[in-house]
Amino acid sequence: MKPALLISSRDNVATALEPLEAGREIEIGGQRVRVLELIPSGHKIALADIATGEPVVKYGSPIGTATGVICAGAHVHTHNVASARGRGDLSRAPVPPEAGVRLAEPADADVPVPAPAAARAGRRTS
Amino acid sequence: MTERAGFWGYRRPDGRVGVRNHVLVVPTVICASVVCDRICEVRPADIVSLPHLAGCGQLGPDMHTTHDTLAAYCRHPNVGAVLVVALGCEQVIGEMLADAARDAGKPVEIIAIQDEGGTLRTIGRGRQMAERMAAALAGVPREWCDVTSLVLSLKCGGSDYTSGLASNPALGRVADRLVDLGGAVVLGEIAEIMGAEHLLAARASQPDVGRRLLRVIDRVEAEAMALGLDIRGTQPSPGNIRGGLTTIEEKSLGATHKGGERTPVVDVVPYAGAVTKPGLTVMDTPGLDVESVTGMVGGGAQIVVFTTGLGTPTGNPIAPVIKITGNARTAQRMGDNIDLDVSGILADTESIDGAADRLFAEVLAVASGKFAAAEVLRHREFAIHRRNPTI
């Protein structure tokens with residue numbers, strides 16, 4: 001069994017398949033990474049330095065943004081990654097829809113659509 | 001596969017095919033639920049009820065959802081005969097549920113507690129009726145049926161990191177293969193598509209289907225945000241987070257793998273709405289496991305494949321729910337709940353395709369009558385989704 005699994009070549013994190021101890025060097029996707037802190041099995045390890053506000057990418061798609069600097073080899077989880085979705089606790093002003101991002105929405109009596117949610121831009125990445 | 005894949009099922013008068021042949025005892029309202037449970041005790045293996053909390057005190061949309069869900073179960077191909085048990089003064093109209101069963105060509109009876117004269121008389125008469133129906137159904141033979149008549153519900157619950165890496169990709173390949181053969185699959189849990197909708201929308205068979213999908217997701221996200229709360233802690237759940245999942249986007253990207261990699265998205269339907277097209281249909285259900293499974297079976301799914309990382313017991317009154325896990329520890333510790341262990345994918349001892357072969361064979365075996373673990377354990381959870389307060 002590999003110590004950690006990289007899913008897509010675009011990813012900047014990998015999933016530990018066993019507990020990874022600090023100081024251990026592992027090879028993932030052709031690169032060597034030194035483990036900075038204990039990564040529990042099933043949790044994520046950064047493969048490269050990720051700057052504050054940069055997307056964390058797994059499965060080739062963004063899973064959230066870094067809330068602080070994440071160094072290669074660090075544990076990547078709820079303490080340093082924030083979700084961009086469904087965050088009613090953040091009182092952000094609604095972002096106007098970007099042309100080409102949101103599709104036209106014809107009237108459809110079956111599916112009532114409330115006022116657009118805040119902070120949509122950039123969520124659809126392909 | 002050289003031969004056409006098929007299974008031994010029950011052909012119904014409306015053209016649909018069932019994988020079980022239950023007598024269904026349906027309470028129109030919560031007030032009739034206990035009486036229905038007591039009726040089923042006479043022959044618990046074949047006679048099943050749908051105990052629920054609704055049927056009265058509901059306004060507009062919730063009332064319709066309750067009626068439509070119960071009616072969908074009355075029409076369902078896994079049901080051979082229906083006994084409707086009313087109270088007598090409720091909002092859901094028993095005769096309309098009976099009509100749904102009749103329209104599908106099923107034998108149906110209806111009784112009301114207020115007409116029969118109380119609990120004991122209703123239980124006594126109901127048991128006689130249900131026993132008679134069960135005896136008649138026992139003689140019905142299974143026939144060889146093509147997989148084109150299968151609607152497979154794709155579900156995950158109690159997810160951990162293994163779900164997105166092993167069990168969901170294996171289920172996704174089964175979904176792709178079933179649709180290649182002309183079958184249908186249904187995916188619910190809109191909140192757990194949030195963050196992965198771009199992948200599904202890109203597979204929409206028509207632009208309108210993609211638009212409808214994005215609109216349902218927008219609505220669910222707006223509803224969550226309108227509460228002014230942080231969705232984290234609910235999505236992902238505390239157990240998901242302990243299991244290594246950080247955000248809803250990550251959970252969704254893993255969860256959406258069970259919808260396959262290439263299967264076209266052909267329809268978007270409301271809760272318990274009929275799945276009528278070959279391909280992948282997305283249903284507007286919440287993420288809560290029992291409400292979600294209840295809705296997808298209502299839509300016509302005869303079988304549910306349910307992937308789990310942490311382990312979960314959920315079943316359904318009329319449809320087998322097959323549990324698969326990619327977590328070796330869960331497969332061992334919750335062995336009585338798990339039908340298929342695909343942890344070899346992460347241990348590098350089995351390919352995803354190899355696991356998909358075994359899962360596809362398991363689906364066909366269960367369709368032909370093999371009991372899933374949830375059936376052996378009589379897990380028959382049933383919960384109708386509701387949005388508004390009871391009045």
# chains A, B, ... in the order shown; residues from 1 in each chain; ligands from 1
>>> residues_around(residues="A:Ile7", least_positions_apart="2", cutoff="10 Å", atoms="only C-alpha atoms", output="list of chain:residue names")
A:Ala4, A:Leu5, A:Ser9, A:Arg10, A:Asp11, A:Asn12, A:Val13, A:Ala14, A:Thr15, A:Gly29, A:Lys58, A:Tyr59, A:Gly60, B:Leu165
>>> write_last_selection(atoms="N, CA and C atoms", output="PDB file, in the first residue's frame")
ATOM      1  N   ALA A   4       0.545   7.442   0.697  1.00  0.00           N
ATOM      2  CA  ALA A   4      -0.417   8.514   0.428  1.00  0.00           C
ATOM      3  C   ALA A   4      -0.835   8.439  -1.033  1.00  0.00           C
ATOM      4  N   LEU A   5      -2.036   8.942  -1.308  1.00  0.00           N
ATOM      5  CA  LEU A   5      -2.597   8.812  -2.657  1.00  0.00           C
ATOM      6  C   LEU A   5      -2.840  10.188  -3.271  1.00  0.00           C
ATOM      7  N   SER A   9      -3.254  15.044 -11.227  1.00  0.00           N
ATOM      8  CA  SER A   9      -1.966  15.747 -11.336  1.00  0.00           C
ATOM      9  C   SER A   9      -2.120  17.232 -11.019  1.00  0.00           C
ATOM     10  N   ARG A  10      -3.364  17.741 -11.034  1.00  0.00           N
ATOM     11  CA  ARG A  10      -3.586  19.157 -10.702  1.00  0.00           C
ATOM     12  C   ARG A  10      -3.639  19.397  -9.193  1.00  0.00           C
ATOM     13  N   ASP A  11      -3.714  18.317  -8.393  1.00  0.00           N
ATOM     14  CA  ASP A  11      -3.922  18.466  -6.956  1.00  0.00           C
ATOM     15  C   ASP A  11      -2.688  19.024  -6.249  1.00  0.00           C
ATOM     16  N   ASN A  12      -2.909  19.853  -5.219  1.00  0.00           N
ATOM     17  CA  ASN A  12      -1.787  20.271  -4.375  1.00  0.00           C
ATOM     18  C   ASN A  12      -1.845  19.637  -2.990  1.00  0.00           C
ATOM     19  N   VAL A  13      -2.731  18.643  -2.824  1.00  0.00           N
ATOM     20  CA  VAL A  13      -2.748  17.829  -1.605  1.00  0.00           C
ATOM     21  C   VAL A  13      -2.855  16.357  -2.001  1.00  0.00           C
ATOM     22  N   ALA A  14      -2.426  15.483  -1.074  1.00  0.00           N
ATOM     23  CA  ALA A  14      -2.595  14.035  -1.245  1.00  0.00           C
ATOM     24  C   ALA A  14      -3.240  13.492   0.021  1.00  0.00           C
ATOM     25  N   THR A  15      -3.860  12.310  -0.065  1.00  0.00           N
ATOM     26  CA  THR A  15      -4.544  11.715   1.076  1.00  0.00           C
ATOM     27  C   THR A  15      -3.657  10.645   1.708  1.00  0.00           C
ATOM     28  N   GLY A  29       3.491  10.950  -6.281  1.00  0.00           N
ATOM     29  CA  GLY A  29       3.375  11.477  -7.646  1.00  0.00           C
ATOM     30  C   GLY A  29       4.711  11.961  -8.193  1.00  0.00           C
ATOM     31  N   LYS A  58      -8.118  19.156  -4.843  1.00  0.00           N
ATOM     32  CA  LYS A  58      -8.151  17.688  -4.735  1.00  0.00           C
ATOM     33  C   LYS A  58      -9.157  17.200  -5.772  1.00  0.00           C
ATOM     34  N   TYR A  59      -9.011  16.015  -6.289  1.00  0.00           N
ATOM     35  CA  TYR A  59      -9.845  15.506  -7.387  1.00  0.00           C
ATOM     36  C   TYR A  59      -9.768  16.438  -8.600  1.00  0.00           C
ATOM     37  N   GLY A  60      -8.704  17.271  -8.676  1.00  0.00           N
ATOM     38  CA  GLY A  60      -8.571  18.196  -9.794  1.00  0.00           C
ATOM     39  C   GLY A  60      -9.458  19.419  -9.706  1.00  0.00           C
TER      40      GLY A  60
ATOM     41  N   LEU B 165     -12.454   7.730  -2.577  1.00  0.00           N
ATOM     42  CA  LEU B 165     -11.310   7.091  -3.230  1.00  0.00           C
ATOM     43  C   LEU B 165     -11.596   5.662  -3.673  1.00  0.00           C
TER      44      LEU B 165
END
>>> interface_residues(of="chain B", to="chain A", cutoff="9 Å", atoms="only C-alpha atoms", output="ChimeraX atom specification")
/B:160-162,165,194-199,202,211-212,214-216,218-232,241-251,253-254,270,346-349
>>> residues_around(residues="B:Leu359", least_positions_apart="5", cutoff="8 Å", atoms="only C-alpha atoms", output="list in words")
Ala170, Leu171, Val174 and Leu340 of chain B
>>> write_last_selection(atoms="N, CA and C atoms", output="mmCIF file, in the first residue's frame")
data_model
loop_
_atom_site.group_PDB
_atom_site.id
_atom_site.type_symbol
_atom_site.label_atom_id
_atom_site.label_comp_id
_atom_site.auth_asym_id
_atom_site.auth_seq_id
_atom_site.Cartn_x
_atom_site.Cartn_y
_atom_site.Cartn_z
ATOM 1 N N ALA B 170 -16.096 2.859 -7.401
ATOM 2 C CA ALA B 170 -16.556 1.523 -7.815
ATOM 3 C C ALA B 170 -18.033 1.572 -8.190
ATOM 4 N N LEU B 171 -18.837 2.263 -7.351
ATOM 5 C CA LEU B 171 -20.269 2.393 -7.663
ATOM 6 C C LEU B 171 -20.464 3.188 -8.956
ATOM 7 N N VAL B 174 -20.224 0.978 -11.867
ATOM 8 C CA VAL B 174 -21.439 0.173 -12.016
ATOM 9 C C VAL B 174 -22.542 1.030 -12.657
ATOM 10 N N LEU B 340 -20.633 -5.655 0.980
ATOM 11 C CA LEU B 340 -19.471 -5.801 0.098
ATOM 12 C C LEU B 340 -18.309 -4.948 0.626
#
>>> select_by_dssp(residues="stretch 139-235 of chain B", states="helix (DSSP H, G or I)", output="PyMOL selection string")
chain B and resi 147-149+161-180+190-192+197-201+207-226
>>> closest_residue(among="B:Arg127, B:His52, B:Arg11, B:Arg75", to="B:Glu381", atoms="only C-alpha atoms")
B:His52
>>> closest_atom_pairs(of="stretch 196-280 of chain B", to="stretch 62-70 of chain B", cutoff="10 Å", atoms="only C-alpha atoms", output="tab-separated table")
residue	atom	partner	partner_atom	distance
B:Pro270	CA	B:Thr65	CA	9.2
B:Tyr271	CA	B:Thr65	CA	7.3
B:Ala272	CA	B:Thr69	CA	5.6
B:Gly273	CA	B:Asp68	CA	8.1
>>> residues_around(residues="stretch 112-117 of chain B", least_positions_apart="4", cutoff="7 Å", atoms="only C-alpha atoms", output="list in words")
Val85, Ala86, Leu87, Gly88, Arg121 and Thr122 of chain B
>>> decode(residues="stretch 20-49 of chain A", atoms="N, CA and C atoms", output="PDB file, in the first residue's frame")
ATOM      1  N   LEU A  20       1.046   9.405   8.991  1.00  0.00           N
ATOM      2  CA  LEU A  20       2.382   9.824   8.531  1.00  0.00           C
ATOM      3  C   LEU A  20       3.041  10.623   9.656  1.00  0.00           C
ATOM      4  N   GLU A  21       4.189  10.120  10.148  1.00  0.00           N
ATOM      5  CA  GLU A  21       4.878  10.759  11.273  1.00  0.00           C
ATOM      6  C   GLU A  21       5.703  11.951  10.784  1.00  0.00           C
ATOM      7  N   ALA A  22       5.850  12.948  11.662  1.00  0.00           N
ATOM      8  CA  ALA A  22       6.677  14.115  11.345  1.00  0.00           C
ATOM      9  C   ALA A  22       8.108  13.665  11.088  1.00  0.00           C
ATOM     10  N   GLY A  23       8.718  14.262  10.073  1.00  0.00           N
ATOM     11  CA  GLY A  23      10.108  13.968   9.770  1.00  0.00           C
ATOM     12  C   GLY A  23      10.287  12.907   8.703  1.00  0.00           C
ATOM     13  N   ARG A  24       9.217  12.139   8.460  1.00  0.00           N
ATOM     14  CA  ARG A  24       9.316  11.083   7.453  1.00  0.00           C
ATOM     15  C   ARG A  24       9.348  11.705   6.051  1.00  0.00           C
ATOM     16  N   GLU A  25      10.105  11.085   5.167  1.00  0.00           N
ATOM     17  CA  GLU A  25      10.103  11.542   3.767  1.00  0.00           C
ATOM     18  C   GLU A  25       9.307  10.550   2.941  1.00  0.00           C
ATOM     19  N   ILE A  26       8.343  11.037   2.186  1.00  0.00           N
ATOM     20  CA  ILE A  26       7.554  10.128   1.354  1.00  0.00           C
ATOM     21  C   ILE A  26       7.588  10.609  -0.084  1.00  0.00           C
ATOM     22  N   GLU A  27       7.375   9.652  -0.997  1.00  0.00           N
ATOM     23  CA  GLU A  27       7.335  10.013  -2.404  1.00  0.00           C
ATOM     24  C   GLU A  27       5.886   9.924  -2.881  1.00  0.00           C
ATOM     25  N   ILE A  28       5.404  11.010  -3.434  1.00  0.00           N
ATOM     26  CA  ILE A  28       4.026  11.044  -3.950  1.00  0.00           C
ATOM     27  C   ILE A  28       4.041  11.665  -5.329  1.00  0.00           C
ATOM     28  N   GLY A  29       3.491  10.950  -6.281  1.00  0.00           N
ATOM     29  CA  GLY A  29       3.375  11.477  -7.646  1.00  0.00           C
ATOM     30  C   GLY A  29       4.711  11.961  -8.193  1.00  0.00           C
ATOM     31  N   GLY A  30       5.759  11.228  -7.910  1.00  0.00           N
ATOM     32  CA  GLY A  30       7.059  11.546  -8.481  1.00  0.00           C
ATOM     33  C   GLY A  30       7.833  12.629  -7.745  1.00  0.00           C
ATOM     34  N   GLN A  31       7.281  13.152  -6.633  1.00  0.00           N
ATOM     35  CA  GLN A  31       8.056  14.145  -5.882  1.00  0.00           C
ATOM     36  C   GLN A  31       8.207  13.700  -4.429  1.00  0.00           C
ATOM     37  N   ARG A  32       9.300  14.184  -3.813  1.00  0.00           N
ATOM     38  CA  ARG A  32       9.544  13.811  -2.419  1.00  0.00           C
ATOM     39  C   ARG A  32       9.045  14.942  -1.527  1.00  0.00           C
ATOM     40  N   VAL A  33       8.337  14.534  -0.460  1.00  0.00           N
ATOM     41  CA  VAL A  33       7.802  15.524   0.478  1.00  0.00           C
ATOM     42  C   VAL A  33       8.214  15.107   1.879  1.00  0.00           C
ATOM     43  N   ARG A  34       8.689  16.079   2.662  1.00  0.00           N
ATOM     44  CA  ARG A  34       9.052  15.800   4.050  1.00  0.00           C
ATOM     45  C   ARG A  34       7.840  16.139   4.920  1.00  0.00           C
ATOM     46  N   VAL A  35       7.381  15.176   5.723  1.00  0.00           N
ATOM     47  CA  VAL A  35       6.189  15.359   6.552  1.00  0.00           C
ATOM     48  C   VAL A  35       6.526  16.290   7.712  1.00  0.00           C
ATOM     49  N   LEU A  36       5.803  17.392   7.867  1.00  0.00           N
ATOM     50  CA  LEU A  36       6.117  18.397   8.885  1.00  0.00           C
ATOM     51  C   LEU A  36       5.465  18.097  10.233  1.00  0.00           C
ATOM     52  N   GLU A  37       4.325  17.420  10.202  1.00  0.00           N
ATOM     53  CA  GLU A  37       3.597  17.139  11.446  1.00  0.00           C
ATOM     54  C   GLU A  37       2.782  15.884  11.212  1.00  0.00           C
ATOM     55  N   LEU A  38       2.274  15.286  12.286  1.00  0.00           N
ATOM     56  CA  LEU A  38       1.532  14.030  12.147  1.00  0.00           C
ATOM     57  C   LEU A  38       0.306  14.241  11.253  1.00  0.00           C
ATOM     58  N   ILE A  39       0.176  13.422  10.229  1.00  0.00           N
ATOM     59  CA  ILE A  39      -1.009  13.442   9.368  1.00  0.00           C
ATOM     60  C   ILE A  39      -1.793  12.158   9.669  1.00  0.00           C
ATOM     61  N   PRO A  40      -2.978  12.252  10.279  1.00  0.00           N
ATOM     62  CA  PRO A  40      -3.741  11.026  10.549  1.00  0.00           C
ATOM     63  C   PRO A  40      -4.156  10.346   9.243  1.00  0.00           C
ATOM     64  N   SER A  41      -4.351   9.049   9.321  1.00  0.00           N
ATOM     65  CA  SER A  41      -4.793   8.295   8.150  1.00  0.00           C
ATOM     66  C   SER A  41      -6.103   8.886   7.624  1.00  0.00           C
ATOM     67  N   GLY A  42      -6.172   9.083   6.315  1.00  0.00           N
ATOM     68  CA  GLY A  42      -7.371   9.637   5.699  1.00  0.00           C
ATOM     69  C   GLY A  42      -7.357  11.154   5.600  1.00  0.00           C
ATOM     70  N   HIS A  43      -6.385  11.793   6.264  1.00  0.00           N
ATOM     71  CA  HIS A  43      -6.302  13.254   6.204  1.00  0.00           C
ATOM     72  C   HIS A  43      -5.322  13.662   5.099  1.00  0.00           C
ATOM     73  N   LYS A  44      -5.275  14.967   4.845  1.00  0.00           N
ATOM     74  CA  LYS A  44      -4.536  15.442   3.678  1.00  0.00           C
ATOM     75  C   LYS A  44      -3.191  16.074   4.051  1.00  0.00           C
ATOM     76  N   ILE A  45      -2.226  15.896   3.159  1.00  0.00           N
ATOM     77  CA  ILE A  45      -0.901  16.507   3.310  1.00  0.00           C
ATOM     78  C   ILE A  45      -0.666  17.436   2.122  1.00  0.00           C
ATOM     79  N   ALA A  46      -0.115  18.629   2.409  1.00  0.00           N
ATOM     80  CA  ALA A  46       0.197  19.567   1.322  1.00  0.00           C
ATOM     81  C   ALA A  46       1.422  19.072   0.562  1.00  0.00           C
ATOM     82  N   LEU A  47       1.347  19.127  -0.763  1.00  0.00           N
ATOM     83  CA  LEU A  47       2.468  18.683  -1.594  1.00  0.00           C
ATOM     84  C   LEU A  47       3.357  19.848  -1.994  1.00  0.00           C
ATOM     85  N   ALA A  48       2.811  21.073  -1.881  1.00  0.00           N
ATOM     86  CA  ALA A  48       3.566  22.266  -2.246  1.00  0.00           C
ATOM     87  C   ALA A  48       3.143  23.362  -1.277  1.00  0.00           C
ATOM     88  N   ASP A  49       3.922  24.435  -1.221  1.00  0.00           N
ATOM     89  CA  ASP A  49       3.502  25.576  -0.397  1.00  0.00           C
ATOM     90  C   ASP A  49       2.234  26.172  -1.009  1.00  0.00           C
TER      91      ASP A  49
END
